[in-house]
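*Asks:* Starting off with a structure, shown below.
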Amino acid sequence: MGKPNENNSMVVDDLMSICPHCGFLLGVFIPGMPCPMCGETLL
Ligand SMILES: [Zn+2]
């Protein structure tokens, strides 16, 4: 919809996720980092 500075260049939206363990909304996360909520490693 109305996002002005979005340049459709293979944005890795797939990495924007929730923790599969506790359901915490991560937003952007780095694979391998621990969930800030439950500490579960996110792959
Ligand atoms: Zn979690």
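Convention: chains lettered A, B, ... in structure tokens order; per-chain residue numbering from 1; ligands numbered from 1 as shown.
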Hey, which residues sit close to ligand 1? Say within 8 Å, counting only C-alpha atoms and all ligand atoms, and write them as a ChimeraX atom specification.

*Replies:* /A:18-24,34-40

*Asks:* Let me see the file: selected residues, C-alpha atoms, as a tab-separated table (two decimals), in the first residue's frame.

*Replies:*
chain	number	residue	atom	x	y	z
A	18	ILE	CA	7.40	-15.02	14.55
A	19	CYS	CA	9.23	-17.35	16.84
A	20	PRO	CA	7.97	-20.86	16.15
A	21	HIS	CA	8.60	-21.67	19.76
A	22	CYS	CA	6.80	-18.95	21.69
A	23	GLY	CA	5.10	-16.96	18.96
A	24	PHE	CA	6.97	-13.75	19.70
A	34	PRO	CA	18.22	-16.49	19.91
A	35	CYS	CA	14.63	-15.40	20.36
A	36	PRO	CA	14.61	-12.38	22.66
A	37	MET	CA	11.55	-13.77	24.34
A	38	CYS	CA	12.22	-17.45	24.97
A	39	GLY	CA	15.86	-17.81	24.02
A	40	GLU	CA	15.17	-20.44	21.42

*Asks:* Find the spatial neighbours of Met33 in chain A, counting only C-alpha atoms, within a cut-off of 8 Å - ignore same-chain residues fewer than 5 positions away - and output them as a list in words.

*Replies:* Thr41, Leu42 and Leu43 of chain A
